[in-house]
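run-v3.cif follows (mmCIF, C-alpha atoms):
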```cif
data_target
loop_
_atom_site.label_atom_id
_atom_site.label_comp_id
_atom_site.auth_asym_id
_atom_site.auth_seq_id
_atom_site.Cartn_x
_atom_site.Cartn_y
_atom_site.Cartn_z
CA MET A 1116 0.00 0.00 0.00
CA GLN A 1117 1.35 3.39 -0.96
CA ILE A 1118 1.29 6.24 1.54
CA SER A 1119 -0.68 8.64 -0.65
CA PRO A 1120 -4.33 7.78 -1.45
CA ASP A 1121 -5.37 6.74 -4.94
CA ILE A 1122 -7.23 9.20 -7.17
CA LEU A 1123 -10.45 7.63 -8.44
CA PHE A 1124 -11.75 10.46 -10.62
CA SER A 1125 -11.96 14.24 -10.78
CA ILE A 1126 -14.87 16.64 -10.43
CA MET A 1127 -14.27 20.06 -11.98
CA GLY A 1128 -10.55 19.55 -11.55
CA PHE A 1129 -10.88 18.46 -7.92
CA PRO A 1130 -9.33 14.98 -7.43
CA VAL A 1131 -11.57 12.54 -5.58
CA THR A 1132 -9.50 9.91 -3.77
CA ASN A 1133 -10.57 6.69 -2.06
CA THR A 1134 -10.05 8.36 1.32
CA VAL A 1135 -12.39 11.20 0.31
CA VAL A 1136 -15.07 8.61 -0.52
CA ALA A 1137 -14.43 6.93 2.84
CA THR A 1138 -14.74 10.31 4.58
CA LEU A 1139 -18.12 10.92 2.91
CA LEU A 1140 -19.23 7.42 3.94
CA THR A 1141 -18.17 8.18 7.53
CA ASP A 1142 -20.21 11.40 7.47
CA ILE A 1143 -23.26 9.53 6.16
CA VAL A 1144 -22.98 6.89 8.89
CA ILE A 1145 -22.65 9.54 11.64
CA ILE A 1146 -25.63 11.51 10.31
CA ALA A 1147 -27.69 8.31 10.07
CA LEU A 1148 -26.78 7.37 13.65
CA ALA A 1149 -27.68 10.88 14.86
CA VAL A 1150 -31.10 10.65 13.17
CA LEU A 1151 -31.73 7.16 14.58
CA VAL A 1152 -30.75 8.23 18.10
CA SER A 1153 -32.89 11.37 17.96
CA LYS A 1154 -35.91 9.29 16.94
CA ALA A 1155 -35.22 6.62 19.57
CA VAL A 1156 -35.10 8.94 22.60
CA VAL A 1157 -37.51 7.55 25.20
CA LEU A 1158 -37.79 7.45 29.00
CA ARG A 1159 -36.74 3.80 28.98
CA PRO A 1160 -33.76 3.93 26.62
CA GLY A 1161 -32.73 1.08 24.35
CA ASN A 1162 -29.21 -0.04 23.51
CA LEU A 1163 -28.61 2.67 20.90
CA GLN A 1164 -29.73 5.49 23.19
CA ASN A 1165 -27.74 4.03 26.08
CA ALA A 1166 -24.60 3.91 23.94
CA ALA A 1167 -25.06 7.50 22.74
CA GLU A 1168 -25.73 8.79 26.26
CA ALA A 1169 -22.73 6.87 27.62
CA VAL A 1170 -20.38 8.55 25.13
CA ILE A 1171 -21.77 12.05 25.74
CA ASP A 1172 -21.89 11.63 29.52
CA TYR A 1173 -18.31 10.34 29.61
CA PHE A 1174 -16.86 13.34 27.81
CA LYS A 1175 -19.16 15.80 29.57
CA ASP A 1176 -18.26 14.47 33.05
CA THR A 1177 -14.56 14.40 32.16
CA ALA A 1178 -14.69 17.97 30.87
CA GLU A 1179 -16.51 19.14 34.01
CA ASN A 1180 -13.86 17.51 36.20
CA ILE A 1181 -11.12 19.22 34.21
CA ALA A 1182 -12.57 22.59 33.24
CA GLY A 1183 -15.58 23.14 35.49
CA GLU A 1184 -18.14 25.53 33.99
CA ARG A 1185 -16.13 25.78 30.75
CA ALA A 1186 -17.08 22.18 30.01
CA SER A 1187 -20.26 23.36 28.27
CA PHE A 1188 -18.33 24.61 25.23
CA ILE A 1189 -15.38 22.20 25.42
CA TYR A 1190 -16.94 18.75 25.48
CA PRO A 1191 -18.94 19.12 22.22
CA TRP A 1192 -15.65 19.49 20.35
CA ALA A 1193 -14.23 16.39 22.01
CA VAL A 1194 -17.36 14.36 21.22
CA SER A 1195 -17.31 15.48 17.58
CA PHE A 1196 -13.67 14.51 17.05
CA PHE A 1197 -14.19 11.21 18.88
CA LEU A 1198 -17.24 10.20 16.83
CA PHE A 1199 -15.68 11.01 13.47
CA ILE A 1200 -12.39 9.25 14.20
CA VAL A 1201 -13.85 6.15 15.86
CA VAL A 1202 -16.52 5.63 13.15
CA SER A 1203 -13.95 6.13 10.40
CA ASN A 1204 -11.54 3.67 12.01
CA ILE A 1205 -14.19 1.05 12.72
CA LEU A 1206 -15.57 1.18 9.18
CA ALA A 1207 -12.08 0.39 7.88
CA GLN A 1208 -12.17 -2.92 9.79
CA VAL A 1209 -15.34 -4.15 8.09
CA PRO A 1210 -14.36 -7.20 6.00
CA GLY A 1211 -14.27 -6.29 2.33
CA PHE A 1212 -13.83 -2.57 3.00
CA GLU A 1213 -10.95 -2.36 0.53
CA SER A 1214 -12.01 -5.28 -1.67
CA ILE A 1215 -14.11 -3.20 -4.07
CA ARG A 1216 -11.82 -2.15 -6.89
CA PHE A 1217 -12.14 0.93 -9.09
CA HIS A 1218 -10.65 0.76 -12.56
CA THR A 1219 -9.20 3.79 -14.26
CA SER A 1220 -6.89 4.31 -17.21
CA MET A 1221 -3.98 4.69 -14.78
CA SER A 1222 -4.84 1.94 -12.29
CA GLY A 1223 -3.83 -1.11 -14.31
CA ARG A 1224 -5.60 -4.45 -14.56
CA ASP A 1225 -6.25 -4.90 -10.83
CA GLY A 1226 -7.58 -1.38 -10.30
CA VAL A 1227 -7.36 0.52 -7.02
CA ALA A 1228 -9.34 0.20 -3.80
CA PHE A 1229 -12.56 2.20 -3.95
CA LEU A 1230 -12.41 2.73 -0.17
CA ARG A 1231 -9.49 3.30 2.16
CA ALA A 1232 -9.55 4.29 5.81
CA ALA A 1233 -10.04 8.06 5.90
CA THR A 1234 -7.59 8.52 8.77
CA SER A 1235 -4.86 6.67 6.84
CA ASP A 1236 -4.61 9.83 4.71
CA LEU A 1237 -2.19 12.37 6.18
CA ASN A 1238 -4.19 15.16 4.52
CA LEU A 1239 -7.24 14.30 6.65
CA THR A 1240 -5.38 13.85 9.93
CA LEU A 1241 -3.61 17.16 9.34
CA ALA A 1242 -6.99 18.79 8.64
CA LEU A 1243 -8.32 17.42 11.94
CA ALA A 1244 -5.24 18.76 13.72
CA VAL A 1245 -5.69 22.20 12.14
CA ALA A 1246 -9.36 22.25 13.12
CA SER A 1247 -8.53 21.27 16.71
CA VAL A 1248 -5.72 23.81 17.16
CA ILE A 1249 -7.54 26.70 15.48
CA ALA A 1250 -10.73 26.02 17.48
CA THR A 1251 -8.64 25.96 20.67
CA HIS A 1252 -7.06 29.34 19.93
CA CYS A 1253 -10.38 30.89 18.90
CA LEU A 1254 -11.92 29.79 22.19
CA SER A 1255 -8.87 31.12 24.03
CA ILE A 1256 -9.29 34.58 22.48
CA LYS A 1257 -13.03 34.54 23.18
CA HIS A 1258 -12.75 33.58 26.85
CA THR A 1259 -9.48 35.21 27.92
CA GLY A 1260 -9.50 38.29 25.69
CA ILE A 1261 -6.91 39.47 23.19
CA LYS A 1262 -4.56 40.75 25.89
CA GLY A 1263 -4.69 37.54 27.91
CA TYR A 1264 -4.16 35.48 24.78
CA VAL A 1265 -1.18 37.49 23.50
CA THR A 1266 0.58 37.57 26.89
CA ARG A 1267 0.65 33.77 26.88
CA PHE A 1268 3.31 34.04 24.19
CA ILE A 1269 4.76 37.55 24.41
CA THR A 1270 5.42 39.31 27.71
CA PHE A 1271 8.27 41.41 29.00
CA LYS A 1272 7.77 40.63 32.69
CA MET A 1273 10.94 39.21 34.27
CA PHE A 1274 12.65 39.82 30.94
CA PRO A 1275 14.00 37.73 29.28
CA VAL A 1276 12.80 34.61 31.19
CA PHE A 1277 9.06 34.91 30.51
CA LEU A 1278 9.70 35.98 26.92
CA PHE A 1279 11.73 32.82 26.33
CA VAL A 1280 9.03 30.69 27.99
CA GLY A 1281 6.41 32.34 25.78
CA LEU A 1282 8.42 31.53 22.66
CA LEU A 1283 8.66 27.91 23.81
CA GLU A 1284 4.87 27.89 24.22
CA LEU A 1285 4.51 29.20 20.67
CA VAL A 1286 6.76 26.43 19.35
CA ASN A 1287 4.72 23.93 21.35
CA GLU A 1288 1.51 25.15 19.70
CA LEU A 1289 3.05 24.72 16.24
CA ALA A 1290 4.23 21.23 17.18
CA LYS A 1291 0.64 20.20 17.90
CA PHE A 1292 -0.07 20.15 14.16
CA PHE A 1293 2.55 17.43 13.73
CA SER A 1294 1.89 15.47 16.92
CA PHE A 1295 -1.88 15.32 16.34
CA SER A 1296 -1.71 14.41 12.66
CA PHE A 1297 1.24 12.00 12.58
CA ARG A 1298 0.14 10.05 15.67
CA LEU A 1299 -3.27 9.26 14.22
CA PHE A 1300 -2.01 8.74 10.67
CA GLY A 1301 0.88 6.50 11.72
CA ASN A 1302 -1.23 4.16 13.85
CA ILE A 1303 -4.02 3.72 11.30
CA PHE A 1304 -1.73 3.42 8.29
CA ALA A 1305 0.45 0.84 10.05
CA GLY A 1306 -2.67 -1.09 11.05
CA GLU A 1307 -3.83 -1.18 7.43
CA ARG A 1308 -0.47 -2.56 6.32
CA VAL A 1309 -0.69 -5.30 8.94
CA MET A 1310 -4.27 -6.20 8.00
CA GLY A 1311 -3.35 -6.28 4.31
CA THR A 1312 -0.56 -8.73 5.07
CA MET A 1313 -2.82 -10.95 7.19
CA TYR A 1314 -5.56 -11.06 4.55
CA GLY A 1315 -2.92 -11.88 1.95
CA LEU A 1316 -1.61 -14.84 3.97
CA CYS A 1317 -5.00 -16.27 4.88
CA SER A 1318 -8.32 -14.49 4.49
CA ILE A 1319 -10.21 -16.85 6.83
CA GLY A 1320 -9.49 -17.07 10.56
CA LEU A 1321 -6.01 -15.53 10.71
CA PRO A 1322 -7.13 -11.86 10.49
CA LEU A 1323 -9.65 -12.18 13.37
CA PRO A 1324 -7.29 -11.45 16.30
CA PHE A 1325 -5.76 -8.60 14.34
CA ILE A 1326 -9.21 -7.16 13.62
CA ALA A 1327 -9.87 -7.19 17.39
CA LEU A 1328 -6.53 -5.45 17.96
CA GLU A 1329 -7.27 -2.82 15.32
CA LEU A 1330 -10.71 -2.15 16.81
CA MET A 1331 -9.01 -1.48 20.14
CA VAL A 1332 -6.48 0.82 18.43
CA ALA A 1333 -9.34 2.59 16.64
CA LEU A 1334 -11.05 3.32 19.95
CA ILE A 1335 -7.85 4.33 21.74
CA GLN A 1336 -6.74 6.73 18.99
CA ALA A 1337 -10.16 8.40 18.93
CA ILE A 1338 -10.11 8.83 22.71
CA VAL A 1339 -6.53 10.16 22.70
CA PHE A 1340 -7.30 12.79 20.05
CA ALA A 1341 -10.49 13.88 21.81
CA MET A 1342 -8.94 13.99 25.29
CA LEU A 1343 -5.89 15.95 24.13
CA THR A 1344 -8.18 18.45 22.42
CA MET A 1345 -10.17 18.77 25.63
CA ALA A 1346 -7.04 19.25 27.74
CA PHE A 1347 -5.56 21.88 25.42
CA MET A 1348 -8.86 23.78 25.28
CA HIS A 1349 -8.97 23.79 29.08
CA ILE A 1350 -5.41 25.13 29.32
CA MET A 1351 -5.86 27.80 26.67
CA THR A 1352 -9.18 29.09 28.08
CA ASP A 1353 -7.95 29.24 31.67
CA LYS A 1354 -7.46 32.86 32.76
CA SER A 1355 -5.08 31.99 35.57
CA HIS A 1356 -1.36 32.54 35.03
#
```

What does the file become when written as structure tokens?
Amino acid sequence: MQISPDILFSIMGFPVTNTVVATLLTDIVIIALAVLVSKAVVLRPGNLQNAAEAVIDYFKDTAENIAGERASFIYPWAVSFFLFIVVSNILAQVPGFESIRFHTSMSGRDGVAFLRAATSDLNLTLALAVASVIATHCLSIKHTGIKGYVTRFITFKMFPVFLFVGLLELVNELAKFFSFSFRLFGNIFAGERVMGTMYGLCSIGLPLPFIALELMVALIQAIVFAMLTMAFMHIMTDKSH
């Protein structure tokens, strides 16, 4: 498997890759689940409502323990990132996910996979990282003010110690783009390579323990991304110094 996704076709010059199709499929599944849950809300909840409430309550309670009253605007971001990443990762473990082939003039006789795990595309994981970091800084400006936000990185108190610390904080914020994106991309891409090898050796029986392992990795990576986003939002919206 190559690192870059395969281009299936183009729409008005915009290349549509197999990871873009997988991303759209992930969105459709999440929207469908949201509609089903909203229609299934009752006083005596079923399994689907219980699962949805468990996820929301977990992140809401965690955010309240970390950020107190600021949890109301922090935990929705964490839930959103968690749902997208975990659904995307789980869909990739469905048997036959990459078996459907798409033939183009450039793909050769075997064609290319019509679907590929969305989070195995560095472009998507980087986009998620950008969304997380930018949202964090926007919330920081909104809740601490421009002055409070700027003095996190540039201040002349106890010069030059605090100025140096502020510059280190700025470098740390830039590093989040790489740590967020490469952590998620690396784990999912490596998992796909392993699963491809297992299916190639024996498509019946042998991949099962590895599927279980990848499902656990899918859940862990979604939780890690969501929890780190929550922690960074708490730190950046805290007015204390």

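Comparing A:Leu1328, A:Leu1289, A:Ile1350, A:Ala1137 by their smallest distance to Ser1235 of chain A, the closest is A:Ala1137 (using only C-alpha atoms).
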
Between atom CA of Phe1196 of chain A and atom CA of Met1351 of chain A, distance in Å (one decimal)
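It comes out at 18.2 Å.
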
Selection under test: the PyMOL selection byres ((chain A and resi 1143-1156) around 10); residues as a PyMOL selection string
chain A and resi 1137-1142+1157-1168+1195+1198-1199+1202-1203+1206

Calculated over all atoms listed in the file, which of the candidates A:Ile1256, A:Leu1241, A:Ala1178, A:Ala1193 has the smallest distance to Lys1354 of chain A?
A:Ile1256

Could you give me, as a ChimeraX atom specification, the residues within 10 Å of Glu1288 of chain A, counting all atoms listed in the file and dropping anything in the same chain fewer than 5 positions from it?
/A:1248,1252,1282-1283,1293,1347

Pick the closest to Gly1281 of chain A from A:Leu1334, A:Ile1269, A:Ala1305, A:Leu1321: which is it, counting all atoms listed in the file?
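Residue with the minimum atom-to-atom distance to Gly1281 of chain A: A:Ile1269.
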
Need to verify the contact set: Leu1323 of chain A, 12 Å, all atoms listed in the file, exclusion of same-chain residues closer than 5 positions in sequence. Can you return it as a PyMOL selection string?
chain A and resi 1208-1210+1310+1313-1314+1317-1318+1328-1330
